[in-house]
Structures are given as C-alpha cells and as structure tokens.
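Peer 1: Below is the file query_12.cif, which contains mmCIF, C-alpha atoms.
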```
data_upload
loop_
_atom_site.group_PDB
_atom_site.id
_atom_site.type_symbol
_atom_site.label_atom_id
_atom_site.label_comp_id
_atom_site.auth_asym_id
_atom_site.auth_seq_id
_atom_site.Cartn_x
_atom_site.Cartn_y
_atom_site.Cartn_z
ATOM 1 C CA MET A 1 12.847 20.789 -14.199
ATOM 2 C CA LYS A 2 14.833 23.881 -13.384
ATOM 3 C CA LYS A 3 18.572 23.488 -13.022
ATOM 4 C CA SER A 4 20.343 24.703 -9.904
ATOM 5 C CA LYS A 5 24.066 25.266 -9.777
ATOM 6 C CA ASN A 6 25.504 24.405 -6.370
ATOM 7 C CA ARG A 7 22.818 26.309 -4.546
ATOM 8 C CA ALA A 8 22.237 25.579 -0.913
ATOM 9 C CA LEU A 9 19.248 23.437 -0.094
ATOM 10 C CA PRO A 10 16.628 25.787 1.349
ATOM 11 C CA HIS A 11 14.947 25.272 4.716
ATOM 12 C CA PHE A 12 11.346 24.042 4.528
ATOM 13 C CA ASP A 13 8.708 24.808 7.136
ATOM 14 C CA SER A 14 6.397 22.066 5.917
ATOM 15 C CA LEU A 15 6.375 18.863 3.964
ATOM 16 C CA ASP A 16 4.226 20.586 1.332
ATOM 17 C CA GLU A 17 6.951 23.190 0.764
ATOM 18 C CA LEU A 18 9.549 20.461 0.312
ATOM 19 C CA VAL A 19 7.339 18.528 -2.115
ATOM 20 C CA ASN A 20 6.570 21.670 -4.131
ATOM 21 C CA PHE A 21 10.261 22.552 -4.285
ATOM 22 C CA PHE A 22 11.241 19.140 -5.650
ATOM 23 C CA ASP A 23 8.369 19.185 -8.129
ATOM 24 C CA GLU A 24 10.359 21.934 -9.849
ATOM 25 C CA HIS A 25 13.955 20.967 -8.979
ATOM 26 C CA ASP A 26 16.083 17.895 -9.572
ATOM 27 C CA MET A 27 16.774 16.168 -6.248
ATOM 28 C CA GLY A 28 20.032 14.840 -7.681
ATOM 29 C CA GLU A 29 21.437 18.353 -7.800
ATOM 30 C CA PHE A 30 21.083 18.558 -4.010
ATOM 31 C CA TYR A 31 22.139 14.967 -3.247
ATOM 32 C CA GLU A 32 25.308 15.925 -1.357
ATOM 33 C CA GLN A 33 23.305 18.215 0.937
ATOM 34 C CA MET A 34 20.578 15.692 1.743
ATOM 35 C CA PRO A 35 20.581 14.450 5.324
ATOM 36 C CA GLU A 36 21.222 10.767 5.809
ATOM 37 C CA ALA A 37 18.072 8.797 6.466
ATOM 38 C CA ASP A 38 18.251 5.937 8.954
ATOM 39 C CA PHE A 39 15.243 3.675 9.420
ATOM 40 C CA GLU A 40 14.276 0.053 9.841
ATOM 41 C CA VAL A 41 11.575 -1.825 8.010
ATOM 42 C CA ASP A 42 9.876 -4.680 9.805
ATOM 43 C CA ILE A 43 7.321 -6.319 7.548
ATOM 44 C CA ARG A 44 5.447 -9.051 9.336
ATOM 45 C CA ARG A 45 2.301 -9.412 7.271
ATOM 46 C CA ARG A 46 2.284 -10.924 3.822
ATOM 47 C CA GLN A 47 -0.339 -10.539 1.179
ATOM 48 C CA TYR A 48 -1.065 -13.111 -1.484
ATOM 49 C CA LEU A 49 -2.785 -12.477 -4.774
ATOM 50 C CA PHE A 50 -5.253 -14.951 -6.243
ATOM 51 C CA SER A 51 -6.966 -14.835 -9.590
ATOM 52 C CA LEU A 52 -10.746 -14.847 -9.630
ATOM 53 C CA ASP A 53 -13.134 -15.579 -12.423
ATOM 54 C CA ALA A 54 -14.466 -12.241 -13.729
ATOM 55 C CA GLU A 55 -18.063 -13.067 -12.853
ATOM 56 C CA VAL A 56 -17.118 -14.205 -9.337
ATOM 57 C CA ALA A 57 -15.156 -10.968 -8.792
ATOM 58 C CA LYS A 58 -18.085 -8.900 -10.060
ATOM 59 C CA LYS A 59 -20.591 -10.591 -7.734
ATOM 60 C CA LEU A 60 -18.187 -10.442 -4.794
ATOM 61 C CA THR A 61 -17.741 -6.697 -5.367
ATOM 62 C CA GLU A 62 -21.504 -6.145 -5.588
ATOM 63 C CA ILE A 63 -22.131 -8.005 -2.332
ATOM 64 C CA ALA A 64 -19.262 -6.223 -0.589
ATOM 65 C CA LYS A 65 -20.600 -2.818 -1.676
ATOM 66 C CA SER A 66 -24.067 -3.688 -0.395
ATOM 67 C CA ARG A 67 -22.512 -4.581 2.975
ATOM 68 C CA LYS A 68 -20.335 -1.455 2.898
ATOM 69 C CA ILE A 69 -17.084 -3.405 3.242
ATOM 70 C CA SER A 70 -14.190 -3.987 0.876
ATOM 71 C CA SER A 71 -14.149 -6.929 -1.501
ATOM 72 C CA GLU A 72 -10.930 -8.038 0.167
ATOM 73 C CA ALA A 73 -12.533 -8.071 3.630
ATOM 74 C CA LEU A 74 -15.525 -10.052 2.373
ATOM 75 C CA ALA A 75 -13.378 -12.580 0.513
ATOM 76 C CA ASN A 76 -11.170 -13.059 3.582
ATOM 77 C CA ALA A 77 -14.172 -13.502 5.884
ATOM 78 C CA TRP A 78 -15.750 -16.093 3.590
ATOM 79 C CA LEU A 79 -12.493 -17.981 3.107
ATOM 80 C CA ILE A 80 -11.845 -18.058 6.866
ATOM 81 C CA GLU A 81 -15.374 -19.373 7.378
ATOM 82 C CA LYS A 82 -14.874 -22.133 4.793
ATOM 83 C CA ILE A 83 -11.457 -23.083 6.135
ATOM 84 C CA LYS A 84 -12.893 -23.421 9.648
ATOM 85 C CA GLU A 85 -15.706 -25.623 8.302
ATOM 86 C CA GLN A 86 -13.223 -27.837 6.471
ATOM 87 C CA THR A 87 -10.850 -28.014 9.403
ATOM 88 C CA SER A 88 -13.585 -28.979 11.869
ATOM 89 C CA SER A 89 -15.162 -31.527 9.513
ATOM 90 C CA ASN A 90 -11.760 -33.137 8.804
ATOM 91 C CA GLN A 91 -11.058 -33.418 12.529
ATOM 92 C CA GLN A 92 -14.364 -35.237 13.052
ATOM 93 C CA LEU A 93 -13.500 -37.943 10.501
#
```
Could you write out this file's structure as structure tokens?
Peer 2:
Amino acid sequence: MKKSKNRALPHFDSLDELVNFFDEHDMGEFYEQMPEADFEVDIRRRQYLFSLDAEVAKKLTEIAKSRKISSEALANAWLIEKIKEQTSSNQQL
C-alpha cells in the first residue's frame, strides 16, 4: 500500500472510486478525516447450522438443482412438512 503523509481525503464521485482508492491506500492514514458513521442494526432472523451426512447432502443438492431451488430452501420445506405432520399426529393422540 502506498503511504500518504497527512494528505486530505479526496472527494469521490462514486463508491467504485472510493473502493479503488482504498485498495491502494491505508485507511488508517485517513482515520481522523473519516466521517462518523451512525447506524442501527436490527437482526430479527436467526439461522441455525445442522450437520448432514455427506450422502444425504449430496442427494439433497441434486434434488434441489433439479427443482431449480437452493438446497437450503428444499431442506426447510421438507422439514416444515415433517414438523407439521408430527405436530398434527401428536395432537390427534
């Protein structure tokens, strides 16, 4: 990275220009000139990771590709279906 010595942070007309500039310059050298960023993060959805047997994952991926959906979407749909079956059968007992 090129070193800058107390140079003023240039004005950027696009995000691409900014990214290209900091590909070649150390952002730390311009830290004092950086505008303060104020934002809130509101994460409501959680994701959980589960391990799958390699063969199960392979077959799931094949089926998902044939249906032109993601493996995640297919796995979620099938699990929801099974959970509904179990929930309704347990309520009937």
Peer 1: Name the residues that the PyMOL selection byres ((chain A and resi 72) around 12) pulls out of this structure, and write them as JSON, numbers by chain.
Peer 2: {"A": [47, 48, 49, 50, 52, 57, 60, 61, 63, 64, 65, 68, 69, 70, 71, 73, 74, 75, 76, 77, 78, 79]}
Peer 1: Would you please work out which residue, of A:Arg67, A:Ser51, A:Arg7, A:Ser89, is nearest to Glu32 (chain A) when using all atoms listed in the file?
Peer 2: A:Arg7
Peer 1: What does the distance from CA of Pro10 (chain A) to CA of Phe22 (chain A) come to in Å, to one decimal?
Peer 2: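 Calculated distance between CA of Pro10 (chain A) and CA of Phe22 (chain A) is 11.1 Å.
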Peer 1: Between CA of Ser66 (chain A) and CA of Glu85 (chain A), what is the spacing in Å?
Peer 2: 25.0 Å
Peer 1: Could you tell me how far CA of Lys58 (chain A) lies from CA of Gln86 (chain A), in Å and to one decimal?
Peer 2: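 Computed distance, CA of Lys58 (chain A) to CA of Gln86 (chain A), equals 25.6 Å.
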